[in-house]
Number of protein chains: 2
Amino acid sequence: MKAAIYGYGNLGRGVELALRDAEDMETVGVFTRRDPSALRTLTGIPVLAAADILKYKEDIDILIICAGSATDLPQMTPELAAHFNVIDSFDTHARVPEHFANVDAAAKKEGHLAVISCGWDPGMFSLNRLYASSILPDGKAYTFWGRGVSQGHSQAVRRIPGVKDAIQYTVPDQDAIKAVRSGRQPELTTRQKHTRECFVAAEEGADRAAIENTIRTMPNYFDEYDTTVHFITEEELKRDHAGLPHGGMVIYTGRTGLNKEHNHAIEYDLCLDSNPEFTGAVLVAAARAAVRMHDRGLSGCFTMFDIAPADLSPLSRDELLHTML
Amino acid sequence: MKAAIYGYGNLGRGVELALRDAEDMETVGVFTRRDPSALRTLTGIPVLAAADILKYKEDIDILIICAGSATDLPQMTPELAAHFNVIDSFDTHARVPEHFANVDAAAKKEGHLAVISCGWDPGMFSLNRLYASSILPDGKAYTFWGRGVSQGHSQAVRRIPGVKDAIQYTVPDQDAIKAVRSGRQPELTTRQKHTRECFVAAEEGADRAAIENTIRTMPNYFDEYDTTVHFITEEELKRDHAGLPHGGMVIYTGRTGLNKEHNHAIEYDLCLDSNPEFTGAVLVAAARAAVRMHDRGLSGCFTMFDIAPADLSPLSRDELLHTML
């Protein structure tokens, strides 16, 4: 299978490393809208100009699009699905149905296959919500995120005047998790489920109280949460907060029994040292499945809900039965 | 969809209750090899004679076989797959490839579809081993069972002379779990991963020391484990140990990064008040998928590895995108 990467930020690099670990996949290269000569890849794979991509139509079985959900993917994925099998990590939950319809129409026209919204949420967390609710229809799903870095929230803090650099961690509330695990199916507000923790390097002479107040009251990002702000030096920030760890959990509790007397808890936890590398690894497994599904004659848009798990693995059915079942 | 149950032990009752919760499924009845007039079902569904089952060929979309893996299923599933779409919970891991081949041949001959080895292990645990290893090929899976009742081990203790009644719990070792979660990928022996705990009601005058010794040294069942034996009264056993709770976890740790410097842990935990009711619920979700796959023209033998998750759910694709993704 020949795979190419479109876009080379943190996620693109994560995909590059995951492709290196996939023995059945070959990496054609990275397509960039920047000047290719200015870019060096981690593993030495070729850098190609996005403008030339149509010249590579015969060389690429699957194109892994690594770009932002806010403005890039809604345009990019349908456009590229007209020419390639594609996969993306579109994660604006509310706009998924619209994105799905656009990609589906573009892909079907030319007989290509697309998989959207791959990663861990949406992605593996979505799958766990689906499996659990299919098994236990009388139940309720809870999703917690963190402890981990939210890049969107970190950016929002960095834009505040007087802030040199900053990072934001989303932190799940341990009491809320305990209440959910009990099986009592509590109603929890946004504020009860997560807190936010910011580490800020302020400019010299900046008004720290004002910065802290701006963070805590920022609409959409912080105002619905309890937020803690720590001021640290730029050196400390670089030394102790350089990584992009993330994770979280889906907890589902449901009831069975003649009188619904039995409780069951299903929990899926992720603890990730590198969010983009894990997300990239999910994209590569899904890319393998996409090529197999296309080889079987399928076209149009799909999500991980439509992928038979065996298609994600490089192992044969016999190997899976012997080693995984 | 019209479903029928074949066999009416603990698992058959679990399936009966799960079918009651499945709004898109109708229960034809329970087929039994015992005298149907001697059997009363939990929810009042009809009891039918197993000998008459071929008369119902047109009335059953899927037959859910609820019988033992040791002797019943290896015969029963291929025989019934010649006449019906079927599903079972075959769980003798070492004999799965052989069972798969037998069922596949029988089902294909008449264009039927079978799904074998559904439940939680094999089943949901298998899926989690597969998903995790597909995403992170450089990693290792660990499976822990319990705390929960092992019916095979309980039966083995009950057969010891002087034992009136008994129950055995499989207990995962907390230090082993901690070592696995650390990401160090330890090598663990059987004795290090689990301990076993027995609650025994002995007959009056029985030699308790002899019973305890027989348990601890029993080959295959106990000799490789550290086992604790508690003698309690028959009343205490009935009062405190009547349920069939079980559960466990699959923990997968893997590495990514240019120099494999990033660790990731994926954990799937089940905590089940009733093992047979949860297993029955998995069977019913897989039965829904089996009928859909057969309607699409597929035949032969499959496992949960081959089922696209969306096929397990009663919800439409639109509903899934809106509520689960």
# chains A, B, ... in the order shown; residues from 1 in each chain; ligands from 1

$ select_by_dssp --residues "range 59-191 of chain A" --states "strand (DSSP E or B)" --output "MDAnalysis selection string"
chainID A and resid 62:65 86:87 113:115 120 123 139:145 148:149 163:172

$ write_last_selection --atoms "C-alpha atoms" --output "tab-separated table (two decimals), in the first residue's frame"
chain	number	residue	atom	x	y	z
A	62	ILE	CA	-4.41	6.56	0.13
A	63	LEU	CA	-3.84	10.19	1.03
A	64	ILE	CA	-3.77	10.99	4.75
A	65	ILE	CA	-4.88	14.59	5.22
A	86	VAL	CA	-8.52	9.99	1.53
A	87	ILE	CA	-8.70	9.96	5.29
A	113	LEU	CA	-13.34	6.05	-0.75
A	114	ALA	CA	-12.97	8.42	2.19
A	115	VAL	CA	-12.86	7.86	5.94
A	120	TRP	CA	-9.38	9.01	19.41
A	123	GLY	CA	-12.51	7.84	16.74
A	139	GLY	CA	-27.40	2.82	29.91
A	140	LYS	CA	-25.54	6.08	29.69
A	141	ALA	CA	-22.14	7.18	28.33
A	142	TYR	CA	-19.81	9.68	29.96
A	143	THR	CA	-16.69	11.05	28.32
A	144	PHE	CA	-13.85	12.64	30.27
A	145	TRP	CA	-10.83	14.27	28.65
A	148	GLY	CA	-3.82	16.64	28.75
A	149	VAL	CA	-2.86	19.63	26.69
A	163	VAL	CA	1.46	36.59	27.91
A	164	LYS	CA	4.75	35.40	26.39
A	165	ASP	CA	3.89	31.75	26.26
A	166	ALA	CA	1.39	29.42	27.92
A	167	ILE	CA	-0.01	25.94	28.05
A	168	GLN	CA	-3.40	24.68	29.18
A	169	TYR	CA	-4.25	21.30	30.66
A	170	THR	CA	-7.76	19.88	30.71
A	171	VAL	CA	-8.22	17.92	33.94
A	172	PRO	CA	-11.03	15.46	34.59

$ interface_residues --of "chain B" --to "chain A" --cutoff "6 Å" --atoms "only C-alpha atoms" --output "list of chain:residue names"
B:Pro122, B:Ser126, B:Ser134, B:Ile135, B:His262, B:Asn263, B:His264, B:Ala265, B:Ile266, B:Glu267, B:Tyr268, B:Asp269, B:Leu270, B:Cys271, B:Leu272, B:Asp273, B:Ala281, B:Val282, B:Ala285, B:Phe305, B:Asp306, B:Ile307, B:Ala308, B:Pro309, B:Ala310, B:Leu312, B:Ser313, B:Met324, B:Leu325

$ residues_around --residues "Arg208 in chain A" --least-positions-apart "3" --cutoff "10 Å" --atoms "only C-alpha atoms" --output "ChimeraX atom specification"
/A:162-163,200-205,211-214,229-231

$ write_last_selection --atoms "N, CA and C atoms" --output "short mmCIF file (atom, residue, chain, number, x, y, z; two decimals), in the first residue's frame"
data_model
loop_
_atom_site.label_atom_id
_atom_site.label_comp_id
_atom_site.auth_asym_id
_atom_site.auth_seq_id
_atom_site.Cartn_x
_atom_site.Cartn_y
_atom_site.Cartn_z
N GLY A 162 0.39 40.58 27.26
CA GLY A 162 1.21 40.37 28.45
C GLY A 162 1.65 38.93 28.63
N VAL A 163 1.09 38.01 27.82
CA VAL A 163 1.46 36.59 27.91
C VAL A 163 2.52 36.28 26.85
N VAL A 200 1.52 29.85 32.77
CA VAL A 200 1.70 31.06 31.97
C VAL A 200 3.06 31.69 32.25
N ALA A 201 3.80 31.99 31.18
CA ALA A 201 5.01 32.81 31.31
C ALA A 201 4.62 34.23 30.88
N ALA A 202 4.61 35.15 31.85
CA ALA A 202 4.18 36.52 31.56
C ALA A 202 5.37 37.39 31.17
N GLU A 203 5.06 38.42 30.40
CA GLU A 203 6.12 39.39 30.08
C GLU A 203 6.48 40.17 31.33
N GLU A 204 7.71 40.68 31.37
CA GLU A 204 8.14 41.43 32.54
C GLU A 204 7.25 42.65 32.73
N GLY A 205 6.82 42.85 33.96
CA GLY A 205 5.99 44.00 34.26
C GLY A 205 4.53 43.85 33.89
N ILE A 211 -4.24 39.31 33.74
CA ILE A 211 -4.13 38.13 32.87
C ILE A 211 -4.98 36.99 33.42
N GLU A 212 -4.82 36.76 34.73
CA GLU A 212 -5.57 35.66 35.36
C GLU A 212 -7.07 35.87 35.20
N ASN A 213 -7.50 37.11 35.39
CA ASN A 213 -8.93 37.41 35.27
C ASN A 213 -9.43 37.23 33.83
N THR A 214 -8.60 37.65 32.87
CA THR A 214 -8.98 37.49 31.46
C THR A 214 -9.14 36.00 31.12
N VAL A 229 -4.60 29.19 37.55
CA VAL A 229 -3.54 29.80 36.73
C VAL A 229 -2.25 29.84 37.54
N HIS A 230 -1.18 29.25 36.96
CA HIS A 230 0.14 29.30 37.60
C HIS A 230 1.07 30.15 36.74
N PHE A 231 1.73 31.12 37.36
CA PHE A 231 2.74 31.87 36.62
C PHE A 231 4.10 31.23 36.84
#

$ residues_around --residues "Ile215 in chain B" --least-positions-apart "5" --cutoff "9 Å" --atoms "only C-alpha atoms" --output "count of residues only"
10
